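Accompanying notes for the structure given below.
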Amino acid sequence: MGEKYMQDKQPLISVLMSVKNGLPYVRGTVESILAQTATDWEFVIVDNASTDGSAELIERIARNEPRIRLFRNPADLGHSGGLNRGLAECRGVWVARLDADDIAMPDRFERQLEFLRENSDVKVTSCLALYINTQGETVGKTYSEPATRETFQRYLRENLAFGLLHPGAMVDRELFVKIGGYRAAYDPANDTDLWGRLADAGGVILVQQEYLMKYRVHGGSITSQSFERLRTKYQWARDCMRARRKGLPEPTWEDYVAARRNAPWWKRLNRWRKTNARKFYRQSAQDLISNHTFRAAFEVFLAMLLQPSYAAPRLLGQIHR
């Protein structure tokens, strides 16, 4: 029945995951999809040249589950490259994203499909998540907008970048394919670029305010170099979005870097302030996970001092949920 199902019936959901060396967490991730209360799905998994046995583990599970479709890349295509390889294989009405170390709550798909039926104009949704550590213990929770159409319209009006939980997202496949999927040049901020292009293509974006994912946070310090790279790509994606909406060409990476370097000192100072506010806030979460409570509190204080408009709503949102 499984083979005939895969050949003859379009699934409602295509779960899309790219993995490279996903052990020891990938088994739990796959099992969280097998345990979904909504069963009309296919699971498209792209292995990006793993060397730790991830692909072999998934192959063993797939022998008893025809809805799992594994594609193995002989070389690492990168995050966007792996996901685009999988997107080309997706056949569902919706594409549900997932990362190889996270856990979907059993009713994630059921609740998201109900939300989408109740909001037929929404083409992109995501959810909230509980932060878990390497042992799977809950250590916090996420905060994410836009929760209402009014907030979505404000994001468009003010040219704000959307900050959805990427592995909790569900996207209309036709629109996803129409805009060309992910753009690898924006890695590791390819999701920021994606949400902006989806919105520009007419996709209403709303975040369902339910905890439907467990998002794994690994302990350890955020290096200034890695965070600066993420933040710079995020800002480039945002500036490209703003240029598109003005009918202007998107700035190339080279032009964007040159403009950053030649910006007036007060703009560079403001950029430093916002970047470090976000870095301190993120590091506080990792230090909390590592039981460095005093250090985490101090980092939250620094984030609030540098950019209260960023840190305060996130802190309050996590406290009151």
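If you're wondering about the labels, chains in the structure tokens are A, B, ... by order shown, residues count from 1 in each chain, ligands from 1 in order shown.
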
Report task. Would you mind listing what lies within 8 Å of stretch 86-98 of chain A as a ChimeraX atom specification, with only C-alpha atoms counted and same-chain residues fewer than 6 positions away left out? Result -> /A:10-18,41-42,44-46,71,166-174,177,181

Atoms kept (N, CA, C and O atoms) for selection, written as a short mmCIF file (atom, residue, chain, number, x, y, z; two decimals), in the first residue's frame:
```
data_model
loop_
_atom_site.label_atom_id
_atom_site.label_comp_id
_atom_site.auth_asym_id
_atom_site.auth_seq_id
_atom_site.Cartn_x
_atom_site.Cartn_y
_atom_site.Cartn_z
N GLN A 10 -0.97 12.70 -4.08
CA GLN A 10 -0.17 13.83 -3.64
C GLN A 10 -0.34 13.99 -2.14
O GLN A 10 -1.47 14.10 -1.64
N PRO A 11 0.74 14.01 -1.39
CA PRO A 11 0.60 14.21 0.06
C PRO A 11 0.20 15.64 0.38
O PRO A 11 0.48 16.56 -0.40
N LEU A 12 -0.43 15.83 1.50
CA LEU A 12 -0.80 17.17 1.92
C LEU A 12 0.43 17.96 2.36
O LEU A 12 0.54 19.16 2.10
N ILE A 13 1.38 17.27 2.99
CA ILE A 13 2.57 17.92 3.53
C ILE A 13 3.81 17.21 3.03
O ILE A 13 3.88 15.98 3.04
N SER A 14 4.80 17.98 2.60
CA SER A 14 6.15 17.48 2.37
C SER A 14 7.03 18.03 3.48
O SER A 14 7.22 19.24 3.58
N VAL A 15 7.55 17.14 4.31
CA VAL A 15 8.49 17.55 5.35
C VAL A 15 9.86 17.64 4.71
O VAL A 15 10.31 16.69 4.06
N LEU A 16 10.53 18.77 4.87
CA LEU A 16 11.81 19.01 4.20
C LEU A 16 12.92 19.18 5.23
O LEU A 16 12.86 20.07 6.08
N MET A 17 13.94 18.31 5.12
CA MET A 17 15.06 18.37 6.06
C MET A 17 16.36 18.07 5.33
O MET A 17 16.43 17.16 4.51
N SER A 18 17.38 18.85 5.62
CA SER A 18 18.73 18.58 5.15
C SER A 18 19.59 18.25 6.37
O SER A 18 19.47 18.89 7.41
N TRP A 41 1.53 12.82 4.93
CA TRP A 41 2.79 13.51 4.66
C TRP A 41 3.79 12.57 3.97
O TRP A 41 3.65 11.36 4.02
N GLU A 42 4.78 13.21 3.34
CA GLU A 42 5.99 12.52 2.90
C GLU A 42 7.16 13.23 3.59
O GLU A 42 7.06 14.41 3.92
N VAL A 44 10.92 14.24 2.99
CA VAL A 44 12.02 14.37 2.03
C VAL A 44 13.27 14.77 2.82
O VAL A 44 13.35 15.86 3.37
N ILE A 45 14.23 13.86 2.86
CA ILE A 45 15.46 14.08 3.61
C ILE A 45 16.63 14.08 2.64
O ILE A 45 16.80 13.16 1.84
N VAL A 46 17.44 15.13 2.72
CA VAL A 46 18.65 15.22 1.90
C VAL A 46 19.84 15.06 2.83
O VAL A 46 20.01 15.83 3.78
N PHE A 71 17.59 11.26 -0.10
CA PHE A 71 18.44 11.59 -1.24
C PHE A 71 19.84 11.90 -0.70
O PHE A 71 20.00 12.78 0.13
N HIS A 166 12.59 28.98 11.82
CA HIS A 166 12.77 28.31 10.52
C HIS A 166 12.36 26.84 10.56
O HIS A 166 11.60 26.38 9.70
N PRO A 167 12.83 26.05 11.55
CA PRO A 167 12.44 24.63 11.53
C PRO A 167 11.01 24.36 11.96
O PRO A 167 10.58 23.20 11.99
N GLY A 168 10.25 25.41 12.27
CA GLY A 168 8.83 25.24 12.59
C GLY A 168 7.92 25.76 11.50
O GLY A 168 6.70 25.77 11.64
N ALA A 169 8.52 26.19 10.37
CA ALA A 169 7.75 26.85 9.32
C ALA A 169 6.98 25.85 8.45
O ALA A 169 7.39 24.70 8.26
N MET A 170 5.85 26.32 7.93
CA MET A 170 5.09 25.60 6.91
C MET A 170 4.75 26.59 5.81
O MET A 170 4.18 27.65 6.09
N VAL A 171 5.13 26.26 4.57
CA VAL A 171 5.07 27.21 3.46
C VAL A 171 4.29 26.58 2.30
O VAL A 171 4.45 25.39 2.00
N ASP A 172 3.48 27.40 1.64
CA ASP A 172 2.80 26.97 0.43
C ASP A 172 3.84 26.58 -0.62
O ASP A 172 4.68 27.39 -1.00
N ARG A 173 3.80 25.32 -1.06
CA ARG A 173 4.87 24.81 -1.94
C ARG A 173 4.92 25.56 -3.27
O ARG A 173 6.01 25.87 -3.78
N GLU A 174 3.77 25.84 -3.87
CA GLU A 174 3.77 26.51 -5.17
C GLU A 174 4.46 27.87 -5.08
O GLU A 174 5.24 28.24 -5.96
N VAL A 177 8.29 27.39 -4.58
CA VAL A 177 8.98 27.06 -5.83
C VAL A 177 9.00 28.26 -6.77
O VAL A 177 10.00 28.53 -7.45
N GLY A 181 13.03 29.14 -4.24
CA GLY A 181 13.60 28.50 -3.05
C GLY A 181 14.61 29.38 -2.35
O GLY A 181 14.48 30.61 -2.30
#
```

**Report entry** Which of stretch 180-303 of chain A DSSP labels strand (DSSP E), written as a ChimeraX atom specification
**Finding:** /A:204-216

Report task. Find the spatial neighbours of A:Thr134, counting only C-alpha atoms, within a cut-off of 9 Å - ignore same-chain residues fewer than 3 positions away - and output them as a PyMOL selection string. Result -> chain A and resi 25+137+216-219

Selection to disk with N, CA and C atoms, as a PDB file, in the first residue's frame:
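Once everything was written out, this is part-v6.pdb:
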```pdb
ATOM      1  N   TYR A  25      21.217  13.113  17.372  1.00  0.00           N
ATOM      2  CA  TYR A  25      19.864  13.631  17.557  1.00  0.00           C
ATOM      3  C   TYR A  25      18.891  13.261  16.440  1.00  0.00           C
ATOM      4  N   GLU A 137      16.205  18.527  27.978  1.00  0.00           N
ATOM      5  CA  GLU A 137      15.499  19.214  29.065  1.00  0.00           C
ATOM      6  C   GLU A 137      15.063  20.601  28.609  1.00  0.00           C
ATOM      7  N   ARG A 216      16.496  22.678  19.765  1.00  0.00           N
ATOM      8  CA  ARG A 216      17.672  22.329  20.553  1.00  0.00           C
ATOM      9  C   ARG A 216      18.725  23.432  20.485  1.00  0.00           C
ATOM     10  N   VAL A 217      19.159  23.843  21.656  1.00  0.00           N
ATOM     11  CA  VAL A 217      20.218  24.844  21.768  1.00  0.00           C
ATOM     12  C   VAL A 217      21.437  24.150  22.346  1.00  0.00           C
ATOM     13  N   HIS A 218      22.546  24.256  21.656  1.00  0.00           N
ATOM     14  CA  HIS A 218      23.776  23.623  22.110  1.00  0.00           C
ATOM     15  C   HIS A 218      24.569  24.614  22.947  1.00  0.00           C
ATOM     16  N   GLY A 219      25.071  24.173  24.061  1.00  0.00           N
ATOM     17  CA  GLY A 219      25.858  25.048  24.929  1.00  0.00           C
ATOM     18  C   GLY A 219      27.140  25.496  24.259  1.00  0.00           C
TER      19      GLY A 219
END
```

Quick one: pick out all alpha helix (DSSP H) residues within stretch 47-260 of chain A from a backbone DSSP run and write them as a PDB file with C-alpha atoms, in the first residue's frame.
```pdb
ATOM      1  CA  SER A  54      23.339   9.509   9.697  1.00  0.00           C
ATOM      2  CA  ALA A  55      22.368   8.418   6.185  1.00  0.00           C
ATOM      3  CA  GLU A  56      22.660   4.731   7.045  1.00  0.00           C
ATOM      4  CA  LEU A  57      20.468   5.213  10.123  1.00  0.00           C
ATOM      5  CA  ILE A  58      17.793   6.991   8.075  1.00  0.00           C
ATOM      6  CA  GLU A  59      17.963   4.285   5.418  1.00  0.00           C
ATOM      7  CA  ARG A  60      17.264   1.616   8.039  1.00  0.00           C
ATOM      8  CA  ILE A  61      14.241   3.517   9.343  1.00  0.00           C
ATOM      9  CA  ALA A  62      12.978   4.131   5.790  1.00  0.00           C
ATOM     10  CA  GLY A  78      25.685  23.633   1.864  1.00  0.00           C
ATOM     11  CA  HIS A  79      22.550  24.469   3.803  1.00  0.00           C
ATOM     12  CA  SER A  80      20.656  26.187   0.996  1.00  0.00           C
ATOM     13  CA  GLY A  81      21.932  23.748  -1.630  1.00  0.00           C
ATOM     14  CA  GLY A  82      20.758  20.739   0.336  1.00  0.00           C
ATOM     15  CA  LEU A  83      17.351  22.255   1.011  1.00  0.00           C
ATOM     16  CA  ASN A  84      16.878  23.263  -2.629  1.00  0.00           C
ATOM     17  CA  ARG A  85      17.737  19.708  -3.710  1.00  0.00           C
ATOM     18  CA  GLY A  86      14.986  18.494  -1.391  1.00  0.00           C
ATOM     19  CA  LEU A  87      12.514  21.199  -2.398  1.00  0.00           C
ATOM     20  CA  ARG A 108       2.381  20.008  15.210  1.00  0.00           C
ATOM     21  CA  PHE A 109       1.029  19.209  11.734  1.00  0.00           C
ATOM     22  CA  GLU A 110      -2.538  18.765  12.936  1.00  0.00           C
ATOM     23  CA  ARG A 111      -2.535  22.148  14.679  1.00  0.00           C
ATOM     24  CA  GLN A 112      -0.784  23.966  11.803  1.00  0.00           C
ATOM     25  CA  LEU A 113      -3.175  22.564   9.210  1.00  0.00           C
ATOM     26  CA  GLU A 114      -6.132  23.663  11.335  1.00  0.00           C
ATOM     27  CA  PHE A 115      -4.602  27.144  11.637  1.00  0.00           C
ATOM     28  CA  LEU A 116      -4.137  27.336   7.858  1.00  0.00           C
ATOM     29  CA  ARG A 117      -7.727  26.200   7.216  1.00  0.00           C
ATOM     30  CA  GLU A 118      -8.967  28.940   9.530  1.00  0.00           C
ATOM     31  CA  ARG A 149      -2.471  40.683  10.326  1.00  0.00           C
ATOM     32  CA  GLU A 150      -2.051  44.175  11.758  1.00  0.00           C
ATOM     33  CA  THR A 151       1.476  43.300  12.858  1.00  0.00           C
ATOM     34  CA  PHE A 152       2.188  41.673   9.483  1.00  0.00           C
ATOM     35  CA  GLN A 153       1.103  44.850   7.697  1.00  0.00           C
ATOM     36  CA  ARG A 154       3.264  46.935  10.053  1.00  0.00           C
ATOM     37  CA  TYR A 155       6.272  44.770   9.191  1.00  0.00           C
ATOM     38  CA  LEU A 156       5.631  45.440   5.507  1.00  0.00           C
ATOM     39  CA  ARG A 157       4.992  49.134   6.031  1.00  0.00           C
ATOM     40  CA  ARG A 173       4.867  24.815  -1.940  1.00  0.00           C
ATOM     41  CA  GLU A 174       3.772  26.508  -5.171  1.00  0.00           C
ATOM     42  CA  LEU A 175       4.807  29.924  -3.840  1.00  0.00           C
ATOM     43  CA  PHE A 176       8.031  28.456  -2.432  1.00  0.00           C
ATOM     44  CA  VAL A 177       8.980  27.055  -5.835  1.00  0.00           C
ATOM     45  CA  LYS A 178       7.799  30.139  -7.692  1.00  0.00           C
ATOM     46  CA  ASN A 190      18.986  32.404   4.078  1.00  0.00           C
ATOM     47  CA  ASP A 191      15.726  32.248   6.022  1.00  0.00           C
ATOM     48  CA  THR A 192      15.643  36.037   6.506  1.00  0.00           C
ATOM     49  CA  ASP A 193      16.020  36.461   2.757  1.00  0.00           C
ATOM     50  CA  LEU A 194      13.377  33.783   2.132  1.00  0.00           C
ATOM     51  CA  TRP A 195      10.665  35.330   4.341  1.00  0.00           C
ATOM     52  CA  GLY A 196      11.125  38.731   2.698  1.00  0.00           C
ATOM     53  CA  ARG A 197      10.809  37.323  -0.827  1.00  0.00           C
ATOM     54  CA  LEU A 198       7.773  35.234   0.129  1.00  0.00           C
ATOM     55  CA  ALA A 199       6.068  38.328   1.547  1.00  0.00           C
ATOM     56  CA  ASP A 200       6.956  40.332  -1.567  1.00  0.00           C
ATOM     57  CA  SER A 224      32.262  37.282  17.571  1.00  0.00           C
ATOM     58  CA  GLN A 225      33.340  36.188  14.093  1.00  0.00           C
ATOM     59  CA  SER A 226      30.460  33.745  13.540  1.00  0.00           C
ATOM     60  CA  PHE A 227      27.859  36.111  14.920  1.00  0.00           C
ATOM     61  CA  GLU A 228      29.212  39.033  12.900  1.00  0.00           C
ATOM     62  CA  ARG A 229      28.936  36.910   9.735  1.00  0.00           C
ATOM     63  CA  LEU A 230      25.348  35.938  10.546  1.00  0.00           C
ATOM     64  CA  ARG A 231      24.430  39.502  11.409  1.00  0.00           C
ATOM     65  CA  THR A 232      26.068  40.950   8.284  1.00  0.00           C
ATOM     66  CA  LYS A 233      24.255  38.514   5.994  1.00  0.00           C
ATOM     67  CA  TYR A 234      20.997  39.288   7.829  1.00  0.00           C
ATOM     68  CA  GLN A 235      21.483  43.019   7.263  1.00  0.00           C
ATOM     69  CA  TRP A 236      22.325  42.448   3.598  1.00  0.00           C
ATOM     70  CA  ALA A 237      19.141  40.397   3.148  1.00  0.00           C
ATOM     71  CA  ARG A 238      17.151  43.156   4.830  1.00  0.00           C
ATOM     72  CA  ASP A 239      18.706  45.877   2.645  1.00  0.00           C
ATOM     73  CA  CYS A 240      17.995  43.810  -0.482  1.00  0.00           C
ATOM     74  CA  MET A 241      14.365  43.531   0.623  1.00  0.00           C
ATOM     75  CA  ARG A 242      14.126  47.299   1.077  1.00  0.00           C
ATOM     76  CA  ALA A 243      15.710  47.935  -2.325  1.00  0.00           C
ATOM     77  CA  ARG A 244      13.249  45.576  -4.058  1.00  0.00           C
ATOM     78  CA  ARG A 245      10.302  47.359  -2.482  1.00  0.00           C
ATOM     79  CA  TRP A 253      27.478  41.545  -1.646  1.00  0.00           C
ATOM     80  CA  GLU A 254      30.576  43.490  -2.718  1.00  0.00           C
ATOM     81  CA  ASP A 255      28.665  46.776  -2.912  1.00  0.00           C
ATOM     82  CA  TYR A 256      26.999  46.136   0.428  1.00  0.00           C
ATOM     83  CA  VAL A 257      30.305  45.410   2.201  1.00  0.00           C
ATOM     84  CA  ALA A 258      31.866  48.531   0.671  1.00  0.00           C
ATOM     85  CA  ALA A 259      28.920  50.682   1.779  1.00  0.00           C
ATOM     86  CA  ARG A 260      29.215  49.318   5.345  1.00  0.00           C
TER      87      ARG A 260
END
```
